[in-house]
Structures are given as C-alpha cells and as structure tokens.
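*Asks:* My structure file structure08.txt, compact mmCIF, C-alpha atoms, is below:
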# COMPACT_ATOMS: atom_id res chain seq x y z
CA MET A 208 8.23 4.94 5.92
CA ARG A 209 9.79 3.97 2.61
CA LEU A 210 8.52 3.76 -0.95
CA VAL A 211 9.82 0.78 -2.90
CA THR A 212 10.06 0.32 -6.65
CA LYS A 213 11.92 -2.00 -9.00
CA ASN A 214 11.20 0.22 -11.98
CA GLU A 215 14.21 2.33 -12.98
CA VAL A 216 12.06 4.76 -14.96
CA VAL A 217 9.67 5.32 -12.05
CA LYS A 218 12.57 5.82 -9.66
CA GLU A 219 14.29 8.45 -11.81
CA ALA A 220 11.10 10.39 -12.58
CA PHE A 221 10.00 10.42 -8.92
CA LEU A 222 13.41 11.54 -7.63
CA ASN A 223 13.62 14.30 -10.24
CA GLU A 224 10.32 15.75 -9.02
CA LEU A 225 11.44 15.56 -5.39
CA LYS A 226 14.65 17.42 -6.28
CA ARG A 227 12.73 20.18 -8.04
CA GLU A 228 10.57 20.65 -4.93
CA GLY A 229 13.62 20.73 -2.63
CA ILE A 230 12.44 17.65 -0.73
CA ARG A 231 15.18 15.68 0.97
CA PHE A 232 15.33 11.93 0.48
CA ALA A 233 17.62 8.93 0.71
CA VAL A 234 17.80 6.01 -1.72
CA MET A 235 19.02 2.54 -0.90
CA GLU A 236 19.58 0.01 -3.69
CA ARG A 237 19.48 -3.71 -3.03
CA LEU A 238 18.80 -6.93 -4.90
CA GLY A 239 15.06 -7.54 -4.94
CA TYR A 240 12.69 -9.71 -6.89
CA GLU A 241 9.50 -9.57 -8.88
CA ALA A 242 7.14 -12.48 -8.48
CA PHE A 243 3.87 -13.35 -10.13
CA ILE A 244 1.95 -16.55 -9.52
CA GLY A 245 -0.69 -17.28 -12.08
CA TYR A 246 -1.04 -17.73 -15.81
CA MET A 247 0.26 -16.01 -18.90
CA ILE A 248 -0.94 -15.88 -22.50
CA GLU A 249 1.82 -14.71 -24.82
CA GLY A 250 1.57 -13.46 -28.40
CA THR A 251 0.45 -10.55 -30.50
CA LEU A 252 -2.66 -8.73 -29.33
CA GLU A 253 -4.68 -10.53 -32.00
CA GLU A 254 -3.28 -13.92 -31.00
CA ILE A 255 -4.05 -13.32 -27.33
CA ASN A 256 -7.60 -12.21 -28.16
CA ASN A 257 -8.18 -15.32 -30.31
CA THR A 258 -6.82 -17.58 -27.56
CA ILE A 259 -9.15 -16.15 -24.94
CA SER A 260 -12.11 -16.20 -27.36
CA SER A 261 -11.60 -19.92 -27.90
CA PHE A 262 -12.09 -20.59 -24.20
CA GLU A 263 -15.50 -21.81 -23.05
CA GLY A 264 -15.25 -21.70 -19.26
CA GLU A 265 -16.92 -19.31 -16.85
CA GLU A 266 -13.70 -17.30 -16.68
CA LYS A 267 -13.89 -16.29 -20.36
CA GLU A 268 -15.77 -13.00 -19.81
CA ILE A 269 -13.48 -11.98 -16.94
CA LEU A 270 -10.38 -12.71 -19.04
CA LEU A 271 -11.77 -10.82 -22.05
CA GLU A 272 -12.63 -7.81 -19.91
CA GLY A 273 -9.15 -7.81 -18.39
CA PHE A 274 -7.52 -8.22 -21.78
CA LEU A 275 -9.51 -5.33 -23.29
CA THR A 276 -8.28 -3.08 -20.48
CA PHE A 277 -4.71 -4.28 -21.10
CA LYS A 278 -5.08 -3.62 -24.85
CA GLU A 279 -6.48 -0.13 -24.23
CA GLN A 280 -3.53 0.67 -21.98
CA ILE A 281 -1.07 -0.41 -24.69
CA ASN A 282 -2.86 1.58 -27.41
CA HIS A 283 -3.02 4.62 -25.15
CA ALA A 284 0.73 4.42 -24.54
CA LEU A 285 1.44 3.97 -28.24
CA GLU A 286 -0.54 7.12 -29.11
CA HIS A 287 1.73 9.12 -26.82
CA LEU A 288 4.88 7.42 -28.12
CA LYS A 289 4.22 8.05 -31.82
CA GLU A 290 5.40 11.64 -31.52
CA GLY A 291 7.53 11.02 -28.44
CA GLU A 292 6.91 12.22 -24.89
CA GLU A 293 8.76 12.71 -21.62
CA ILE A 294 8.79 9.49 -19.62
CA GLU A 295 7.85 11.45 -16.49
CA HIS A 296 4.64 12.66 -18.16
CA LEU A 297 3.81 9.16 -19.36
CA LEU A 298 4.12 7.73 -15.87
CA GLN A 299 1.68 10.33 -14.57
CA GLU A 300 -1.01 8.35 -16.43
CA GLY A 301 -0.82 5.70 -13.71
CA TYR A 302 1.54 3.09 -12.28
CA TRP A 303 0.31 0.60 -14.92
CA MET A 304 2.20 2.63 -17.53
CA GLY A 305 5.48 1.32 -16.13
CA ASP A 306 4.56 -2.26 -17.07
CA VAL A 307 3.40 -1.24 -20.56
CA LEU A 308 6.63 0.67 -21.19
CA ASP A 309 8.65 -2.29 -19.92
CA GLN A 310 6.96 -4.65 -22.40
CA LEU A 311 7.52 -2.19 -25.25
CA PHE A 312 11.18 -1.84 -24.31
CA LYS A 313 11.56 -5.63 -24.30
CA ASN A 314 10.09 -5.63 -27.83
CA ASP A 315 12.83 -3.14 -28.78
CA ALA A 316 10.02 -0.91 -30.03
CA VAL A 317 10.92 2.25 -28.15
CA ALA A 318 13.92 4.56 -28.39
CA VAL A 319 14.95 6.76 -25.44
CA GLU A 320 16.75 10.06 -25.87
CA GLY A 321 17.39 11.90 -22.65
CA ASN A 322 14.12 11.79 -20.74
CA ARG A 323 11.95 11.27 -23.84
CA ALA A 324 10.65 7.97 -25.19
CA LYS A 325 9.51 7.54 -28.79
CA LEU A 326 8.19 4.65 -30.85
CA LYS A 327 10.86 3.58 -33.32
CA ASP A 328 10.23 4.26 -37.00
CA GLY A 329 8.89 1.35 -39.00
CA ILE A 330 7.58 -0.60 -36.01
CA ASP A 331 4.58 -2.79 -36.90
CA VAL A 332 2.60 -2.84 -33.66
CA THR A 333 0.52 -5.81 -34.84
CA LYS A 334 3.69 -7.94 -34.84
CA LEU A 335 4.78 -7.10 -31.30
CA LYS A 336 4.62 -9.90 -28.74
CA PHE A 337 3.03 -9.15 -25.37
CA GLN A 338 2.39 -11.04 -22.16
CA PHE A 339 -1.16 -10.90 -20.83
CA ARG A 340 -1.01 -12.09 -17.26
CA PHE A 341 -3.77 -12.94 -14.83
CA PRO A 342 -3.64 -14.28 -11.24
CA TYR A 343 -4.28 -17.92 -10.40
CA GLN A 344 -7.34 -16.98 -8.30
CA ILE A 345 -9.30 -16.35 -11.50
CA ALA A 346 -8.78 -19.88 -12.78
CA LYS A 347 -11.69 -22.09 -11.72
CA ASN A 348 -11.54 -24.71 -14.46
CA LEU A 349 -7.84 -25.55 -14.18
CA GLU A 350 -7.83 -28.25 -16.86
CA LYS A 351 -9.24 -25.86 -19.49
CA ILE A 352 -7.15 -22.88 -18.41
CA GLU A 353 -3.94 -24.88 -18.66
CA GLN A 354 -4.79 -25.78 -22.26
CA ILE A 355 -4.61 -22.13 -23.34
CA ALA A 356 -2.25 -20.53 -20.84
CA LYS A 357 1.10 -21.25 -19.25
CA GLN A 358 1.02 -21.92 -15.55
CA PHE A 359 4.05 -20.55 -13.86
CA ALA A 360 5.65 -18.91 -10.87
CA PHE A 361 7.83 -16.15 -12.25
CA VAL A 362 10.63 -14.69 -10.15
CA ASP A 363 13.00 -12.10 -11.56
CA LEU A 364 15.98 -10.90 -9.52
CA VAL A 365 16.19 -7.17 -10.14
CA PRO A 366 17.60 -4.03 -8.50
CA GLU A 367 15.11 -2.68 -5.98
CA TYR A 368 15.10 0.93 -4.84
CA GLU A 369 13.94 1.93 -1.37
CA ILE A 370 13.24 5.66 -1.16
CA GLU A 371 12.90 7.38 2.20
CA ILE A 372 11.54 10.90 2.51
CA ARG A 373 13.84 12.68 4.97
CA GLU A 374 11.52 15.48 6.01
CA LEU A 375 9.82 16.37 9.28
CA GLU A 376 7.94 19.45 8.07
CA ILE A 377 4.28 18.60 7.42
CA GLY A 378 4.03 20.85 4.37
CA LYS A 379 6.95 19.15 2.63
CA ILE A 380 5.62 15.71 3.55
CA ASN A 381 2.30 16.60 1.93
CA ARG A 382 4.05 17.75 -1.25
CA ALA A 383 6.19 14.61 -1.37
CA MET A 384 3.19 12.33 -1.03
CA HIS A 385 1.25 14.28 -3.66
CA ILE A 386 4.10 13.50 -6.06
CA ALA A 387 4.34 9.87 -4.87
CA ALA A 388 0.66 9.30 -5.68
CA LYS A 389 1.53 9.57 -9.38
CA TYR A 390 4.09 6.78 -9.22
CA PHE A 391 3.08 4.32 -6.50
CA GLU A 392 0.01 2.34 -5.53
CA GLU A 393 -2.43 4.05 -3.19
CA GLU A 394 -2.03 1.54 -0.35
CA MET A 395 1.74 2.05 -0.22
CA VAL A 396 1.46 5.84 -0.43
CA MET A 397 -1.15 6.02 2.33
CA GLY A 398 0.93 3.84 4.66
CA VAL A 399 4.04 5.95 4.12
CA TYR A 400 2.06 9.19 4.38
CA PHE A 401 0.65 8.45 7.81
CA ALA A 402 4.01 7.15 9.04
CA LEU A 403 5.74 10.36 7.93
CA ILE A 404 3.01 12.57 9.36
CA SER A 405 3.25 10.69 12.66
CA ARG A 406 7.01 11.19 12.79
CA GLY A 407 6.56 14.89 11.98
CA ILE A 408 3.99 15.32 14.74
CA VAL A 409 6.20 13.58 17.31
CA ALA A 410 9.16 15.75 16.24
CA GLY A 411 7.03 18.86 16.73
CA GLU A 412 5.93 17.70 20.19
CA ILE A 413 9.56 17.06 21.14
CA LEU A 414 10.50 20.61 20.21
CA ASN A 415 7.54 21.96 22.20
CA ALA A 416 8.55 19.89 25.24
CA ILE A 417 12.14 21.16 25.13
CA GLY A 418 11.06 24.79 24.96
CA ASN A 419 13.90 27.13 25.90
CA GLU A 420 15.43 24.81 28.47
CA LYS A 421 18.19 22.21 28.45
CA VAL A 422 16.37 18.93 28.97
CA PRO A 423 17.97 15.62 30.03
CA LYS A 424 17.64 13.30 27.03
CA ASP A 425 16.87 10.18 29.06
CA GLU A 426 14.14 11.93 31.04
CA LEU A 427 12.59 13.28 27.83
CA ALA A 428 12.61 9.83 26.24
CA ARG A 429 11.02 8.21 29.33
CA ALA A 430 8.33 10.90 29.51
CA PHE A 431 7.40 10.50 25.84
CA LEU A 432 7.36 6.70 25.89
CA LYS A 433 5.25 6.73 29.05
CA ALA A 434 2.76 9.13 27.42
CA MET A 435 2.30 6.90 24.39
CA PRO A 436 0.08 6.37 22.50
CA MET A 437 -0.81 9.92 21.46
CA GLU A 438 -4.32 10.66 20.21
CA ILE A 439 -4.57 13.47 17.65
CA PRO A 440 -8.06 14.76 16.77
CA THR A 441 -8.55 15.32 13.03
CA GLU A 442 -11.42 16.49 10.83
CA LYS A 443 -12.19 12.88 9.91
CA GLY A 444 -11.71 11.27 13.31
CA THR A 445 -8.81 10.44 15.60
CA MET A 446 -5.25 9.63 14.66
CA VAL A 447 -3.36 7.43 17.13
CA ILE A 448 0.44 7.61 17.15
CA ASN A 449 2.54 5.13 19.08
CA VAL A 450 6.33 5.22 19.54
CA THR A 451 6.99 1.83 21.08
CA ASN A 452 10.65 1.94 22.06
CA GLU A 453 13.57 4.23 22.82
CA ARG A 454 15.37 3.30 19.59
CA ALA A 455 12.54 4.75 17.46
CA PHE A 456 12.57 7.89 19.63
CA GLU A 457 16.36 8.19 19.17
CA GLU A 458 15.95 8.13 15.39
CA ILE A 459 13.68 11.18 15.53
CA LEU A 460 16.18 12.99 17.76
CA LYS A 461 18.95 12.21 15.26
CA MET A 462 16.90 13.72 12.43
CA LEU A 463 16.20 16.86 14.44
CA GLU A 464 19.90 17.16 15.30
CA LYS A 465 20.94 16.66 11.67
CA GLU A 466 18.50 19.38 10.60
CA GLY A 467 20.09 21.75 13.10
CA ARG A 468 16.89 21.99 15.14
CA ILE A 469 18.41 20.67 18.39
CA ASP A 470 21.82 20.19 19.98
CA ILE A 471 22.66 17.15 22.13
CA LYS A 472 25.64 17.43 24.47
CA GLY A 473 26.42 15.84 27.81
CA GLY A 474 23.16 13.90 27.79
CA LYS A 475 21.10 17.10 27.53
CA ILE A 476 19.07 18.54 24.66
CA ARG A 477 18.52 22.18 23.81
CA LYS A 478 16.51 23.67 20.97
CA LEU A 479 18.42 25.74 18.40
CA LYS A 480 15.58 26.99 16.20
If you convert what's in this file into structure tokens, what do you get?

*Replies:*
Amino acid sequence: MRLVTKNEVVKEAFLNELKREGIRFAVMERLGYEAFIGYMIEGTLEEINNTISSFEGEEKEILLEGFLTFKEQINHALEHLKEGEEIEHLLQEGYWMGDVLDQLFKNDAVAVEGNRAKLKDGIDVTKLKFQFRFPYQIAKNLEKIEQIAKQFAFVDLVPEYEIEIRELEIGKINRAMHIAAKYFEEEMVMGVYFALISRGIVAGEILNAIGNEKVPKDELARAFLKAMPMEIPTEKGTMVINVTNERAFEEILKMLEKEGRIDIKGGKIRKLK
C-alpha cells in the first residue's frame, strides 16, 4: 500500500499536492538502489543519432524509434525550461520527465529557484551529453551491439522514499490516487489503489459490525477472519478482499483508533463516531 520513488523532485511535488488536499500520509526514507541492465550510448544528441545510424542489424529501426522518442522528450522539456516553469507542472507531463530533468541537472544546464526550474543562460544544448539507454532484451546481434554501445549493469545507491497514504475514507483515497497517477507508473498506482480501497472497505465493515455496542475485540477479529474472503460487487465485476491474519486486522483497528473512530479498552471495542 505504498508508493516508492527515488526521485527527490517527484517526492516533493507529490507530497505538496497531498498536503494541499488535506490527505494524510507517512514517508519513510531508506537507502535504495537504481539498477538498469542493458546498453547505453553516450554523447550529444547528434553523436547518439550518428552512432545508431551506423548500425546495420535488425535492431537499428527499434533503436532509432526509441531514440527519436527520447529526443522529443528532451526537446519538449527544454521548451518549457527556456522561460522557466514550476517543477510540479513539468512532472505532470509524465513520469519520464523525471529522468529528463535528472540528465539536464547532471549537465549543470538547469538552475532551480524555489520550485521553479529554468535553463541556464548561454547553454548550448547541442553540446550537452546524454545517455540513451535501452534494455538488453532488444539486443539480438550482441557482437554488433557491443561495438557501438557499452554493456553494463548499473547500480546506484540512492535515498528511496516510501510514501504511505494514511486514509480510510474512500473519497480521500480516490483523490490521492488521482494525484499519484501524475507521478507514478500506472501498475504501481493501480496496485496501491486497490489495496487502499480494500482497507477502507474493511474498516467500514468493522464500524458497521460494531454498531452501538461494545464488542469483544478477539471475537470481532475471529468473525472477520472466518468470513474472509469478502466479495464486493462492482460495476465492472467482482472485487475480492482477503485479510489473511489477525496482525493485518489489528493494523486496521489501530488506524481507526488513531482517527478517533473507535475506542479499545479492556479487550472491547466501541464506536465513537
């Protein structure tokens, strides 16, 4: 139920939006890594294009197509940066923008003032060195590929930020994930979204089960775990939610207690609001 990024800019922009929407979250920082296994062609955009054009293998068209997309992304970012723009707005273009900005920062081509990034005066874009990377799966003719590209396994130890959305209300979860979609890959967002929705649904069912009574916590936990998995009909099909152990159930109770929704004393639970 956590979104993970190693990009400082993405982290700050995402958290700022969550704060503005009043969405609660927690951030944990740890040492992570970035890894890429494949090949890299390094140089100016013209040099990279010439290198790929000199290749004669079946991969040439795929590499050229990928490079043109990469070049368009860089040029698009540069157009925004000429006059300067808020980093948050830039990142709304797509998660690929984070990599482009990172390469421009490493070229010392961009100045940052507050939350705005701007291309430095006097920068000759044609002289900037970039890294065009492509995965090893593309390489069929290894002997030829290795003549024009570096083969490597790149691992960079970097701070990694794990962001947890600390909300049980479905409406706030939906807003948080709408924001997350601008900064994170779809697969990650969808996984976190359904996990959060599931937790919110279970929390709602717990409150319904308590009602206006004082309910023994152990009995409530046993009843819920015995009733699992839950099947929730939706417009698109059926959503199946499974809480597999008492520890996971306890975590939901702790969140409800912290929110002031329930009170746990003497092994019994009562609903507060």

*Asks:* Find the spatial neighbours of A:Phe391, counting all atoms listed in the file, within a cut-off of 10 Å - ignore same-chain residues fewer than 5 positions away - and output them as a count of residues only.

*Replies:* 12

*Asks:* Residues within 12 Å of (9.0, 2.7, -11.7), file coordinates, counting only C-alpha atoms: what are they? Give the list as a count of residues only.

*Replies:* 37

*Asks:* Which of these, A:Glu438, A:Ala402, A:Ile471, A:Thr258, has the shortest distance to A:Lys424 once you count all atoms listed in the file?

*Replies:* A:Ile471

*Asks:* Dump as a count of residues only all residues having an atom at most 12 Å from (4.4, 12.4, 12.5), computed in the file's coordinates with only C-alpha atoms.

*Replies:* 33

*Asks:* Suppose you want the space between atom CA of A:Glu420 and atom CA of A:Arg477; what is it in Å?

*Replies:*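 Atom-to-atom, atom CA of A:Glu420 to atom CA of A:Arg477, that is 6.2 Å.
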
*Asks:* Would you work out the distance separating atom CA of A:Glu279 from atom CA of A:Asp363, expressed in Å to one decimal?

*Replies:*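 Here the two named atoms are 26.1 Å from each other.
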
*Asks:* Measuring between only C-alpha atoms, which one of A:Ile244, A:Val332, A:Ala383, A:Ala318 shows the shortest distance to A:Gln358?

*Replies:*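 Ranked by minimum distance to A:Gln358, first place goes to A:Ile244.
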
*Asks:* One number please: atom CA of A:Ile352 to atom CA of A:Lys278, in Å, one decimal.

*Replies:* 20.4 Å

*Asks:* Within 12 Å of A:Glu254, counting only C-alpha atoms, which residues qualify if same-chain residues fewer than 6 places away don't, as a list of chain:residue names?

*Replies:*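 Final neighbour list, sorted by chain and number: A:Ile248, A:Ser260, A:Ser261, A:Phe274, A:Thr333, A:Lys334, A:Leu335, A:Lys336, A:Phe337, A:Gln338, A:Phe339, A:Ile355.
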
*Asks:* With distances taken over only C-alpha atoms, which residue among A:Glu266, A:Lys433, A:Arg382, A:Pro440 lies nearest A:Glu228?

*Replies:*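 For A:Glu228, the nearest of the given residues is A:Arg382.
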
*Asks:* Smallest atom-to-atom distance to A:Gly418: which of A:Met235, A:Leu479, A:Asn256, A:Ile345, using all atoms listed in the file?

*Replies:*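 Looking at the shortest contact to A:Gly418, the residue is A:Leu479.
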
*Asks:* Would you mind telling me which residue in A:Gly474, A:Ala455, A:Thr276, A:Leu288 lies nearest to A:Ala324 when using only C-alpha atoms?

*Replies:* A:Leu288

*Asks:* For A:Gly473, find every residue with an atom within 12 Å (counting only C-alpha atoms), except residues of its own chain fewer than 6 positions away, and show them as a compact mmCIF listing (two decimals) with C-alpha atoms, in the coordinates of the input.

*Replies:*
# COMPACT_ATOMS: atom_id res chain seq x y z
CA LYS A 421 18.19 22.21 28.45
CA VAL A 422 16.37 18.93 28.97
CA PRO A 423 17.97 15.62 30.03
CA LYS A 424 17.64 13.30 27.03
CA ASP A 425 16.87 10.18 29.06

*Asks:* Add whatever atoms are absent from stretch 322-350 of chain A to reach N, CA and C atoms, and provide the output as a compact mmCIF listing (two decimals), in the frame of the given file.

*Replies:*
# COMPACT_ATOMS: atom_id res chain seq x y z
N ASN A 322 15.26 12.21 -21.56
CA ASN A 322 14.12 11.79 -20.74
C ASN A 322 12.88 11.56 -21.60
N ARG A 323 13.08 11.46 -22.93
CA ARG A 323 11.95 11.27 -23.84
C ARG A 323 11.97 9.87 -24.44
N ALA A 324 10.80 9.28 -24.57
CA ALA A 324 10.65 7.97 -25.19
C ALA A 324 9.81 8.13 -26.46
N LYS A 325 10.21 7.42 -27.52
CA LYS A 325 9.51 7.54 -28.79
C LYS A 325 9.46 6.17 -29.47
N LEU A 326 8.33 5.88 -30.09
CA LEU A 326 8.19 4.65 -30.85
C LEU A 326 9.14 4.69 -32.04
N LYS A 327 9.89 3.62 -32.22
CA LYS A 327 10.86 3.58 -33.32
C LYS A 327 10.15 3.59 -34.66
N ASP A 328 10.79 4.20 -35.65
CA ASP A 328 10.23 4.26 -37.00
C ASP A 328 10.13 2.85 -37.58
N GLY A 329 9.05 2.62 -38.31
CA GLY A 329 8.89 1.35 -39.00
C GLY A 329 8.40 0.20 -38.15
N ILE A 330 8.06 0.46 -36.90
CA ILE A 330 7.58 -0.60 -36.01
C ILE A 330 6.15 -0.98 -36.39
N ASP A 331 5.92 -2.27 -36.63
CA ASP A 331 4.58 -2.79 -36.90
C ASP A 331 4.01 -3.30 -35.58
N VAL A 332 3.13 -2.51 -34.99
CA VAL A 332 2.60 -2.84 -33.66
C VAL A 332 1.88 -4.19 -33.66
N THR A 333 1.28 -4.55 -34.78
CA THR A 333 0.52 -5.81 -34.84
C THR A 333 1.44 -7.02 -34.72
N LYS A 334 2.74 -6.82 -34.92
CA LYS A 334 3.69 -7.94 -34.84
C LYS A 334 4.35 -8.07 -33.47
N LEU A 335 4.14 -7.08 -32.62
CA LEU A 335 4.78 -7.10 -31.30
C LEU A 335 4.18 -8.19 -30.41
N LYS A 336 5.05 -8.84 -29.64
CA LYS A 336 4.62 -9.90 -28.74
C LYS A 336 4.45 -9.34 -27.32
N PHE A 337 3.31 -9.61 -26.73
CA PHE A 337 3.03 -9.15 -25.37
C PHE A 337 2.72 -10.33 -24.46
N GLN A 338 2.77 -10.05 -23.17
CA GLN A 338 2.39 -11.04 -22.16
C GLN A 338 1.16 -10.53 -21.42
N PHE A 339 0.05 -11.23 -21.59
CA PHE A 339 -1.16 -10.90 -20.83
C PHE A 339 -1.20 -11.85 -19.64
N ARG A 340 -1.11 -11.28 -18.46
CA ARG A 340 -1.01 -12.09 -17.26
C ARG A 340 -2.25 -11.94 -16.38
N PHE A 341 -2.64 -13.01 -15.76
CA PHE A 341 -3.77 -12.94 -14.83
C PHE A 341 -3.50 -13.88 -13.66
N PRO A 342 -3.96 -13.51 -12.45
CA PRO A 342 -3.64 -14.28 -11.24
C PRO A 342 -4.35 -15.62 -11.20
N TYR A 343 -3.75 -16.55 -10.47
CA TYR A 343 -4.28 -17.92 -10.40
C TYR A 343 -5.66 -17.97 -9.78
N GLN A 344 -6.03 -16.95 -8.97
CA GLN A 344 -7.34 -16.98 -8.30
C GLN A 344 -8.49 -16.97 -9.31
N ILE A 345 -8.24 -16.42 -10.49
CA ILE A 345 -9.30 -16.35 -11.50
C ILE A 345 -9.62 -17.73 -12.07
N ALA A 346 -8.62 -18.57 -12.13
CA ALA A 346 -8.78 -19.88 -12.78
C ALA A 346 -9.62 -20.83 -11.92
N LYS A 347 -10.82 -21.13 -12.40
CA LYS A 347 -11.69 -22.09 -11.72
C LYS A 347 -11.59 -23.47 -12.38
N ASN A 348 -11.63 -23.47 -13.70
CA ASN A 348 -11.54 -24.71 -14.46
C ASN A 348 -10.07 -24.90 -14.87
N LEU A 349 -9.28 -25.47 -13.97
CA LEU A 349 -7.84 -25.55 -14.18
C LEU A 349 -7.46 -26.32 -15.44
N GLU A 350 -8.17 -27.42 -15.70
CA GLU A 350 -7.83 -28.25 -16.86
C GLU A 350 -7.96 -27.45 -18.15
